[in-house]
Structure formats: C-alpha cells, structure tokens
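Enquirer: Just dropping this structure here.
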Amino acid sequence: MIKFKIKLLVLSFLLLISIRPLQSAEMVDPIKVDWSFKGLTGTFDRASLQRGFQVYKEVCASCHSMQYLSYRNLGEPGGPEFSEQEVKAIAASFEIEDGPDSQGEMFTRPGKPSDKFKSPYPNVQAATAANGGAYPPDMSVLVKARKGGANYIYSVLVGYEDPPPGVTLDDGVYYNKYMAGNKIKMPNNLMDGLVEYADGTESTVDQMAKDVTTFLAWAAEPELEERHKTGVKVIIYLVLLTILVYLSMKKIWSRVDTEV
Amino acid sequence: MSEHEYTPKSKAGKWFNDRLPLLTLGAHLTDYPTPKNLNYWWTFGGILTFCLITQIVTGIVLAMHYVAHADLAFASVEHIMRDVNYGWLIRYIHSNGASMFFLAVYIHIFRSLFYGSYKSPREVIWIIGLMIYLLMMAAAFMGYVLPWGQMSFWGATVITNLFSAIPLVGDSITTWLWGAYSVDNPTLNRFFSLHYLIPFLILGLVVLHIWALHVPGNNNPVGIDIKKPSKDTVPFHPYITIKDAFALLVFMIIFAGFVFFTPNVLGHSDNYIPANPLVTPAHIVPEWYLLPFYAILRSVPDKLGGVILMFSAIFILFVLPWLDTSKVRSAVFRPIYRQFFWILVIDVLMLGYVGAMPAEGIYLVLARVGTIYYFLHFIVVMPVVGYLEKTDPIPMSISEPVLTGGAEPSIARKVNDKV
C-alpha cells in the first residue's frame, strides 16, 4: 500500500511537470493582474470595457484591425453593453465601403450595427508596408493568441524601457521588457492623459493599458460571462445528478454481495 | 451465448423479431453476464462510447458552419465562436472532447495492460482496439488542422513531411498527400473530408470491438476465467449500466470544468494566429496526446530511423499478446511485472514531457533513455518476466477469497509453476 502511494506521488509529480511546458520559457514572466474576469464566476467590468473601447478606437485602431467583431457586438450582453443609440452612433461614425450598386460602382455609406469593424488598411501587405515592415496583428483574438493572455498584453503595453547598456536598436525598433526577444516595432503609444475618458476616470498609462486589455479580452472571448454562468449551472446540475445516481447505484448493488 | 432463448411478449414484437432479431440483441445486451468485481477502471469503455458520440454530434453541427478553404477556414471558426447560437459551446466541447477522448483511451489501454485483457482469448478485441486508437490519432491530427491556425499549418507540414523520409518514393507520396507542392488548400479540403469519414469508421470498429468482447466476455481484476452466468456475474443491466452512468457523470464534471472554465488550456495559443506559410513558430508541438510519439520520433538523429521507430512504437502493441509469455493475466498476481508496468507508465509520461520540450541537452538524453526503455519493455521485459516470474496464488473464483496455501491452486497457477 505504501509502495502504491509512493507511485501515486511520483505520478502526480510527473503530471505536474508535464503541464509546465505550457508556460513560457524564454521571456520575463508577465505582470499578474487581478482581472475581474478571472476565476469561475469572473465578469467584465462594464465601465472598463467602455473605456477600453475608447482607447482602442482613438489609439490602437489607427494601425490594428479587429475584423471579426461587428459594431452590434458592442451592445450585446456580456460586453461593453452600449445602448442601442450609442451603437448606432458608433457605427455611423465610420464610412463603410459597400457595393457594387446597380451601376456596378462601389460606394461608401455610414456604418450600420451589422457591419464588421472597419479595418485601417485594405490588406495585410498595405498594413505591413505602412508600419515599417511589421504587420500590426489583428486584435480580434489577440488575447487568446498569446501565451500569458491578458497579463501578457497588459505587460507589453506598460513594459517599454530604455534598452540596457550594450543593446543597440535599429530605427523604428523599441525595447520592451516583456516582448519575446525584447524588440518591438510598435512604439510606446500610451502616455498619461492621452485620451479624455467620457466617465471622468483619470487616463494614466496604467489605467488605459488595463482598460484596453479588458476590452481585448472581451473581444477574444465575448462569450466569457455566459460561459461562466452556464458552467456554474451545468456543474451544479451534474453534481446533483451524480449524487442521485450514486445513491441509486448503492441501492441496486446492495442486492449483491459486492461493494461498488 | 444466452442460456435461454428470448421471445417477445407481444405479437407484433414476435412478428418483427422473427424477421430481424433486434429484440433478441437487446435482451442479450441487458442480460449480458458481467463479472461482478469489475472496478472503476472498467468504466472507461462506456465513457469512450460517450466521447465518440459527443464528437460525432458536435462535429456534424460544426460542419454545418465551417468552411474548408484556406482563405475562409479561420474566419469561419471565429464565425462559429461569435455568431452561431451556442457555437462557442459546441466548438469547445468538440476541441476539449478530443482531449477527454484521449485521456479516456489511455486509461482504457493501460487498464488492459495491467490486467492482461489483451491476452488469450481476447487478442482480437485488443487488435481492433488498437485500430480504433490509430484512427483516433489520424482523426485528431486532421481535426487540429481544420481551424487553419499556425499550429494547424505547421503541425500538418511536420507530420506530412515524415512520409518524405521513405526512400525513393517519399517525395512523390508527400506531394500526393498534399495535393499540392506544400500544405495548401487541397490539403485542407481532403483533411476535412477524411476527418468527417474517420469517426464513422471508428464507430464501425467499436461495434466489432464490443461484438468481439461479448464472445469471451469481460476480463476482470482477478484475471481468471469465470463461469457465465454464475454467482460471479451480474446482469449488465441494471448493475453495470448504473455504475457506468455514475463514472460517466464524474467524467462529465471534469469535462465540463475544462469546457466552461478553461477551454483553451489544452490547446496552443499559436493556433489563434491565422496560418502563415512564411512564418515558422519557434516551437512546433503536437497536441499533448501525441507527445510521447513525437519524443520517440525526435530521439533519433536520422529522419527515416525516427519515423520507423515512431510507427514501430505503435505497431509493436499489435503483437503484444504474443510477446507476453505469462499465463497469468492480472498484474495483481504478478509481483515483478507489476513493477515494470509502473515503470512503463512513468516512462510514457516522461516521453510526453520531453516531447513538449526542445530536442536538445538533457531532454534529448531523457527522450533516448525513454525510447530505449519503451521498446525493451515489450521486446525483453514482457517475454522474459513471463517465464521467470513466480506469481502469487490465484483464487479459484471471484467469490472465493485468495487462497492462503494448502488449497487447490488454479489451473493458471499450475501452468505457470511448470515453467
């Protein structure tokens, strides 16, 4: 029996280390932020999402696309939950190319809630060419596409530093503590007071980084709140059913002389 | 098998059953005498059936919304996640379901290894099971390609390139597999087609697997032949059905935990970056359930050698019933083999661990040691231990306690003593 327990210990230890490779090996560990959307019942901070959208719209959107989101998503439950009027106004503030019309011509019109987010560049090549040879990645699923997720995105946004002595950087390359390889072609775009928050929150770099990361986390997982809520219900249901089935099993097996 | 012939009570039932004995089959399945001492390691057959059905049902729904085209696949997956009603739930069940399927199948396989379920007269069940396992790996690999993310693309490139190691015709075979001169749209299209086909092949093999099982009946933790039906058995329904249901529910709670609370932890974040043939990821790693084989592949400096060794690691299992020379099935009564069994478990876990690491330094050494032990276990340990081992006394039947000397040893014991 003791031998078996030792084996179990060794096994669980091995299982533990087998999960390690999922974590990053060569980068500085990102800053751990206590996000409101963490945990089993985590939800997004509505005000932070709305502020984050503002940062995205005024800062990030000039280079980064978010092609899988639609303006209507901004008003849907579990997201920033802008009102219907606000969503319509946001959509209408963009000129969207549509067509061809009956004459075969493309034309522009004000955006509708059903339109996808307008991309800053017509294609990847144009985006790359306009940004010194580095494609600003589409941000729709960026939080899911990076090891470390929201913590990593936030850390990069606040991780700009002067390069340590001995490190020389080419033109248009910046030093970032948390970026893989420490070199990033995106300049440090956030500075205190850059945006004027509609709700009066002070727009420090840290605040803006947190808000826009929250917004990106929602953009990557718009189902998160519903997923958490449904998950809790599903688990409670399954646990209750398991108890009932366990008791039934005990009762049925009491007819024979074997333990279950 | 059943002692008494089943006759339906209603006239209509009898009329139908005379023409197609489905009701007789149903009666056989419910009455099926099952050893009463099966432990919870035996519940994974039912769990695996659940996994297969879940994958098929969610997969059919996903296929209604997915587009198998290199330019549209990634976007169509995001469409499923964002715009399809409960699309996120269906996709997360499907993607995590693959992992749960493999978790269950590995437990199922190691259970068979521990209790000697692969031995006579169950060799055919074992071989069909291995064929299912092979098809599962093919289906999972192709399924992972479908979202057309970076890991999809580069995983497909690495695995299909293995075939180029075949002398003379390797390159032609690889081109033929791709349908192009690299992994491209034709590759994605055929992988989708095959990914949809394979689960139904698996389903057919599962029917044969269960059919073959119902000929000799279940093995059991004591590993002895039992009379059926007898005081050592219980009818499948309600005894095994309720026990399987309980185990399945516990399994579903873990499954739901992954789906609802950490749906991407078993995947690779790079697969949320659209496939880009011009950018190679820093580390190309397969899904966790293929890592031990990946470690074996990379432990050999020669490409062809690695490929041969990797495929041998699977195909050696097909001859396992004939490599094991012990007449005693259950490792419960095999004190020496039991130790080696646990070494094998640790060995495979270690191979999985180093498979996720870069193939250099200590990891390469561990991969080589692990690979050597893996093959030694089957080629040397199993035949030799079977001959030399002095097994513990075996009970005459499940209902009797283990013999404490003096009493008549079982047939299996006698056979083994003569060796």
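As shown in the structure tokens, the chain order sets the letters A, B, ...; within each chain, residues go from 1, and ligands are also counted from 1 in the order they appear.
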Please report as a ChimeraX atom specification which residues of chain B come no farther than 7 Å from chain A, using only C-alpha atoms.
Expert: /B:36-37,78,239,242-243,246,249-250,253,256,260-261,269-273,346,349,353,356-357
Enquirer: Can you pull out the residues contacting Met179 (chain A)? Cut-off 9 Å, using only C-alpha atoms, and skip same-chain residues under 5 positions away; I want them as a short mmCIF file (atom, residue, chain, number, x, y, z; two decimals) with C-alpha atoms, in the first residue's frame.
Expert:
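Saved file selection19.cif follows:
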```
data_model
loop_
_atom_site.label_atom_id
_atom_site.label_comp_id
_atom_site.auth_asym_id
_atom_site.auth_seq_id
_atom_site.Cartn_x
_atom_site.Cartn_y
_atom_site.Cartn_z
CA MET A 27 10.54 35.57 -21.60
CA VAL A 28 10.23 37.53 -18.38
CA TYR A 152 0.98 39.47 -21.36
CA SER A 155 2.65 43.84 -19.57
CA VAL A 156 3.78 44.70 -23.10
CA GLY A 159 6.77 47.29 -20.49
CA ILE A 184 9.09 45.50 -30.70
#
```
Enquirer: Contacts of region 15-28 of chain B at 7 Å or less, counting only C-alpha atoms, minus same-chain residues fewer than 3 places along, as a PyMOL selection string?
Expert: chain B and resi 2+6+11-12+31-32
Enquirer: Save the residues we just selected, C-alpha atoms, as a CSV table (one decimal), in the first residue's frame?
Expert:
```
chain,number,residue,atom,x,y,z
B,2,SER,CA,-27.6,-16.6,-23.6
B,6,TYR,CA,-35.6,-14.7,-25.7
B,11,LYS,CA,-47.5,-10.5,-31.2
B,12,ALA,CA,-46.1,-7.5,-33.1
B,31,ASP,CA,-28.7,-9.8,-19.7
B,32,TYR,CA,-25.0,-10.0,-20.7
```
Enquirer: What is the distance between CA of Ile80 (chain B) and CA of Trp218 (chain A), in Å to one decimal?
Expert: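 Going from CA of Ile80 (chain B) over to CA of Trp218 (chain A) covers 16.2 Å.
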Enquirer: Do a neighbour search on Leu29 (chain B) at 9 Å with only C-alpha atoms, toss out local chain neighbours closer than 6 positions, and write the hits as a PyMOL selection string.
Expert: chain B and resi 214+235-237
Enquirer: Which of region 4-239 of chain B counts as strand (DSSP E or B) under DSSP, as number ranges by chain please?
Expert: B: 33-35, 149, 233-235
Enquirer: Report, in Å to a single decimal, how far apart CA of Phe255 (chain B) and CA of Pro292 (chain B) are.
Expert: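 Calculated distance between CA of Pro292 (chain B) and CA of Phe255 (chain B) is 22.7 Å.
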Enquirer: Using CA of Ala245 (chain B) and CA of Gly46 (chain B) as the two end points, give the distance in Å to one decimal.
Expert: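 Computed distance, CA of Ala245 (chain B) to CA of Gly46 (chain B), equals 8.3 Å.
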Enquirer: Which residue is closest to Pro395 (chain B)? Choose from B:Ile224, B:Ile202, B:Gly155, B:Thr43 and count only C-alpha atoms.
Expert: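 Checking each of B:Ile224, B:Ile202, B:Gly155, B:Thr43 against Pro395 (chain B), counting only C-alpha atoms, the winner is B:Ile224.
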